[in-house]
Amino acid sequence: MKILPEISRTLNEYLLVPGLTTEDCTPDKIDLSAPLVRHQVGERAPVEIATPLVSAIMQAVSSPALAVALAQNGGVAFVHQNQSADAQAADVRAVKQHKAGFRPNRVTVAPSTSLGEVDRLLTAVDQGVAVVTDTGAADGRFVGLIGSDDFHLQRHGAEELVKARMRPREEVRTASAEVTLSEANEMLWEHRLDVLPLLDAEDRVVSLVLKRDYQEHKSHRLASVDGHKRLRVGAGINSRDYRGRVPALVEAGADVLCLDSSDGYSVFQAQALAWVREEYGEEVFVGAGNVVDGRAFRYLADAGAAFVKVGIGGGSICITRDQKGIGRGQASALLDVVRERDAYAQETGVYVPICCDGGLLSDYHMAIALAMGTDFIMLGRYFARFDEAPSRKVRVDGQVFKEYWGEGSSRARNAARYGQGETMVFEEGVDGYVPYVGSLHTTVAQTRAKLAATMSSCGATSLRSFHEGAVLVQVSERSYEQNTAEVKLRERTVDSGE
């Protein structure tokens, strides 16, 4: 037995001491970009993100819709692995179909399709126009377009056919699939087009460029994209069926993978990492974890982990500490692992990013974690609140919530993640609700603004300078109680209208 000579500390027990705010510390000059995968010290990482936020590998969080929205805002989502490899690969493909400014066609019909069916299909998607092919299949030959402005069911009737109201191919301006986004946008404005279909050599629609996406594209200047301008997406894997799952995810285009486990300090993760290196060399990036100390970090870094996740038992939906008695306060875990990461980089010349996973209840906790040295942050509850998350909305006492459950809960039935075979013997997560807050785009922008403001107050213009120059102080119990009392007082004052 060994007892560490420390108290297990949480992120809530620290505050940042302001530094000198210089003329360079303005919001437009704050750089929140972070490396996502290992790289040589002094060089840029092969994969970087402009917003240091990634979504948790959870059924209640990382849908393709959320992955698209998060990538548009500079982060990356990790599609969960508690499904078949084929289903997970399909989710990855759905995200990779999105190129920056290029929209995948989501509705294809035949000339013989009824207008009623077209109306139903268009109502279900955010596109406004359907592609018409000779066969009605997505790989059919392009013969025209039909949109919501081309017909009215009360006037034309739900039974009338598409061929009577569609814009035929000869009346539709198209472009080659090789066209650049700048060229496509120029054609939209020059020819006053609402939509521009891009076709391959066989007259199949590869993607659409919509005028209404122009401003959206401009607003997503931080988007996480690969070398082909496709949105980036990650995917979770486990240490049991990776030999079949990894090839499917790589073929689907996943940019980065991550071993998903509550406790990653195991020979099984090292074996999985070794297999991926043997099969793919350095071309496939696999993160690993979770860990809470420097020993475990070095073990996974030596095994080839692209990044290492830090945190056991600190998640809002996790009960691993209650069930198994393992874990560590998130602040203590981060500080230990950061020391080891920096020592490892100095010894080997290889920088292995760390990801803070859990223990974050507010935006300021994210700032504390980044100041302590984490490179990026994985969030579950934060993202589960949004429209783009896959869970249902429910109304309780007049307030709207979204369902949220842990991967260690009976609802998730993710027994393989916890080494419990085919059946959950006990739970390491719970099932609950989180307050619904609306769109991811709005809230992530607010979080970015808060992080930038904090860094400005600390005199930092980049995450690296934030790591190196941040000054933190522990908060006493009395200080914490005073702050809590003041917050409650302000809330009562607002509620009473005083």
# chains A, B, ... in the order shown; residues from 1 in each chain; ligands from 1

call {"tool": "residues_around", "arguments": {"residues": "range 126-130 of chain A", "least_positions_apart": "2", "cutoff": "9 Å", "atoms": "only C-alpha atoms", "output": "NGL selection string"}}
result
:A and (103 or 105-109 or 118 or 121-124 or 132 or 144-149 or 195 or 210)

call {"tool": "write_last_selection", "arguments": {"atoms": "all heavy atoms", "output": "compact mmCIF listing (two decimals), in the first residue's frame"}}
result
# COMPACT_ATOMS: atom_id res chain seq x y z
N ARG A 103 -22.70 21.06 -49.88
CA ARG A 103 -23.73 20.34 -49.13
C ARG A 103 -24.03 19.00 -49.82
O ARG A 103 -24.30 18.97 -51.03
CB ARG A 103 -24.99 21.19 -49.07
CG ARG A 103 -26.13 20.58 -48.32
CD ARG A 103 -27.36 21.47 -48.44
NE ARG A 103 -27.23 22.66 -47.63
CZ ARG A 103 -27.88 22.86 -46.49
NH1 ARG A 103 -28.70 21.94 -46.04
NH2 ARG A 103 -27.73 23.97 -45.82
N ASN A 105 -26.27 16.05 -51.17
CA ASN A 105 -27.68 15.97 -51.53
C ASN A 105 -28.39 15.00 -50.60
O ASN A 105 -28.00 13.85 -50.48
CB ASN A 105 -27.83 15.52 -52.98
CG ASN A 105 -29.28 15.24 -53.32
OD1 ASN A 105 -30.17 16.00 -52.93
ND2 ASN A 105 -29.52 14.16 -54.04
N ARG A 106 -29.46 15.44 -49.96
CA ARG A 106 -30.17 14.60 -48.99
C ARG A 106 -31.51 14.11 -49.49
O ARG A 106 -32.13 13.28 -48.85
CB ARG A 106 -30.35 15.38 -47.67
CG ARG A 106 -29.02 15.80 -47.04
CD ARG A 106 -29.23 16.59 -45.78
NE ARG A 106 -29.91 15.80 -44.76
CZ ARG A 106 -30.38 16.31 -43.62
NH1 ARG A 106 -30.26 17.60 -43.39
NH2 ARG A 106 -30.97 15.54 -42.73
N VAL A 107 -31.97 14.66 -50.62
CA VAL A 107 -33.27 14.23 -51.15
C VAL A 107 -33.16 14.00 -52.65
O VAL A 107 -32.82 14.92 -53.40
CB VAL A 107 -34.38 15.27 -50.87
CG1 VAL A 107 -35.70 14.78 -51.45
CG2 VAL A 107 -34.51 15.53 -49.38
N THR A 108 -33.41 12.78 -53.08
CA THR A 108 -33.41 12.44 -54.51
C THR A 108 -34.74 11.79 -54.85
O THR A 108 -35.22 10.91 -54.14
CB THR A 108 -32.27 11.45 -54.84
OG1 THR A 108 -31.03 12.00 -54.39
CG2 THR A 108 -32.21 11.20 -56.34
N VAL A 109 -35.35 12.25 -55.93
CA VAL A 109 -36.63 11.70 -56.38
C VAL A 109 -36.58 11.41 -57.86
O VAL A 109 -35.66 11.81 -58.57
CB VAL A 109 -37.79 12.68 -56.08
CG1 VAL A 109 -37.92 12.92 -54.57
CG2 VAL A 109 -37.59 14.01 -56.80
N VAL A 118 -42.65 14.51 -52.37
CA VAL A 118 -41.57 15.49 -52.37
C VAL A 118 -41.73 16.44 -51.19
O VAL A 118 -40.77 16.76 -50.48
CB VAL A 118 -41.54 16.29 -53.69
CG1 VAL A 118 -40.51 17.42 -53.61
CG2 VAL A 118 -41.22 15.38 -54.85
N LEU A 121 -40.64 14.75 -48.00
CA LEU A 121 -39.19 14.58 -47.91
C LEU A 121 -38.48 15.91 -47.63
O LEU A 121 -37.55 15.96 -46.82
CB LEU A 121 -38.66 13.97 -49.22
CG LEU A 121 -39.08 12.53 -49.51
CD1 LEU A 121 -38.67 12.13 -50.92
CD2 LEU A 121 -38.47 11.58 -48.49
N LEU A 122 -38.94 16.99 -48.27
CA LEU A 122 -38.29 18.28 -48.07
C LEU A 122 -38.56 18.83 -46.67
O LEU A 122 -37.73 19.50 -46.09
CB LEU A 122 -38.76 19.28 -49.13
CG LEU A 122 -38.28 19.05 -50.56
CD1 LEU A 122 -38.85 20.11 -51.48
CD2 LEU A 122 -36.76 19.03 -50.63
N THR A 123 -39.72 18.52 -46.13
CA THR A 123 -40.05 18.97 -44.78
C THR A 123 -39.13 18.34 -43.75
O THR A 123 -38.83 18.94 -42.71
CB THR A 123 -41.52 18.63 -44.44
OG1 THR A 123 -42.38 19.27 -45.39
CG2 THR A 123 -41.89 19.08 -43.04
N ALA A 124 -38.65 17.15 -44.06
CA ALA A 124 -37.83 16.40 -43.09
C ALA A 124 -36.37 16.82 -43.08
O ALA A 124 -35.61 16.42 -42.20
CB ALA A 124 -37.93 14.90 -43.38
N VAL A 132 -33.58 15.54 -58.97
CA VAL A 132 -34.37 14.58 -59.75
C VAL A 132 -33.41 13.79 -60.63
O VAL A 132 -32.63 14.37 -61.40
CB VAL A 132 -35.43 15.28 -60.62
CG1 VAL A 132 -36.33 14.24 -61.29
CG2 VAL A 132 -36.26 16.25 -59.78
N GLY A 144 -32.94 16.98 -63.38
CA GLY A 144 -33.59 18.23 -63.01
C GLY A 144 -33.62 18.48 -61.52
O GLY A 144 -33.08 17.71 -60.72
N LEU A 145 -34.26 19.58 -61.15
CA LEU A 145 -34.44 19.96 -59.75
C LEU A 145 -35.91 20.29 -59.48
O LEU A 145 -36.62 20.72 -60.39
CB LEU A 145 -33.61 21.21 -59.41
CG LEU A 145 -32.09 21.13 -59.43
CD1 LEU A 145 -31.50 22.52 -59.20
CD2 LEU A 145 -31.59 20.15 -58.37
N ILE A 146 -36.33 20.10 -58.24
CA ILE A 146 -37.64 20.56 -57.81
C ILE A 146 -37.54 21.02 -56.37
O ILE A 146 -37.00 20.33 -55.51
CB ILE A 146 -38.73 19.47 -57.97
CG1 ILE A 146 -40.10 20.07 -57.63
CG2 ILE A 146 -38.43 18.24 -57.13
CD1 ILE A 146 -41.27 19.22 -58.10
N GLY A 147 -38.00 22.23 -56.12
CA GLY A 147 -37.93 22.79 -54.79
C GLY A 147 -39.28 23.22 -54.28
O GLY A 147 -40.30 23.15 -55.00
N SER A 148 -39.30 23.69 -53.04
CA SER A 148 -40.55 24.09 -52.43
C SER A 148 -41.19 25.28 -53.13
O SER A 148 -42.40 25.52 -52.99
CB SER A 148 -40.32 24.41 -50.95
OG SER A 148 -39.27 25.35 -50.81
N ASP A 149 -40.41 26.04 -53.90
CA ASP A 149 -40.97 27.18 -54.64
C ASP A 149 -41.55 26.77 -55.99
O ASP A 149 -42.13 27.60 -56.70
CB ASP A 149 -39.88 28.23 -54.88
CG ASP A 149 -39.42 28.89 -53.59
OD1 ASP A 149 -40.21 28.90 -52.62
OD2 ASP A 149 -38.28 29.38 -53.55
N VAL A 195 -29.31 27.61 -56.24
CA VAL A 195 -28.64 26.34 -56.02
C VAL A 195 -27.80 26.00 -57.25
O VAL A 195 -28.21 26.28 -58.39
CB VAL A 195 -29.66 25.22 -55.73
CG1 VAL A 195 -30.67 25.07 -56.86
CG2 VAL A 195 -28.96 23.88 -55.48
N LEU A 210 -25.48 26.02 -52.14
CA LEU A 210 -26.69 26.83 -51.98
C LEU A 210 -26.32 28.26 -51.63
O LEU A 210 -25.41 28.50 -50.84
CB LEU A 210 -27.58 26.26 -50.86
CG LEU A 210 -27.98 24.78 -50.97
CD1 LEU A 210 -28.94 24.44 -49.84
CD2 LEU A 210 -28.61 24.48 -52.31

call {"tool": "select_by_dssp", "arguments": {"residues": "range 4-240 of chain A", "states": "strand (DSSP E or B)", "output": "PyMOL selection string"}}
result
chain A and resi 14-16+31+34-35+39-40+48-49+53-55+76-79+99+102-103+108-109+114+129-133+142-147+161+167-168+175-176+195-199+205-210+225+230-231+234-237

call {"tool": "closest_residue", "arguments": {"among": "A:Val143, A:Leu361, A:Leu440, A:Leu249", "to": "Pro168 in chain A", "atoms": "only C-alpha atoms"}}
result
A:Val143

call {"tool": "select_by_dssp", "arguments": {"residues": "range 1-172 of chain A", "states": "alpha helix (DSSP H)", "output": "ChimeraX atom specification"}}
result
/A:64-72,85-96,115-123,153-156,162-165

call {"tool": "closest_residue", "arguments": {"among": "A:Pro64, A:Gly157, A:Gly359, A:Gly253", "to": "His80 in chain A", "atoms": "only C-alpha atoms"}}
result
A:Pro64

call {"tool": "atom_distance", "arguments": {"atom1": "CA of Ala45 in chain A", "atom2": "CA of Pro247 in chain A"}}
result
23.2 Å

call {"tool": "residues_around", "arguments": {"residues": "Ile377 in chain A", "least_positions_apart": "5", "cutoff": "9 Å", "atoms": "only C-alpha atoms", "output": "list of chain:residue names"}}
result
A:Pro52, A:Leu53, A:Val54, A:Ser55, A:Lys309, A:Ile354, A:Cys355, A:Cys356, A:Asp357, A:Gly358, A:Met366, A:Ala369, A:Leu370

call {"tool": "residues_around", "arguments": {"residues": "range 446-460 of chain A", "least_positions_apart": "3", "cutoff": "7 Å", "atoms": "only C-alpha atoms", "output": "list in words"}}
result
Pro18, Gly19, Leu20, Thr21, Thr22, Cys25, Thr26, Pro27, Ile30, Asp363, Ala367, Thr442, Thr443, Ser465, Phe466 and Ala470 of chain A

call {"tool": "atom_distance", "arguments": {"atom1": "CA of Ala69 in chain A", "atom2": "CA of Val95 in chain A"}}
result
9.7 Å
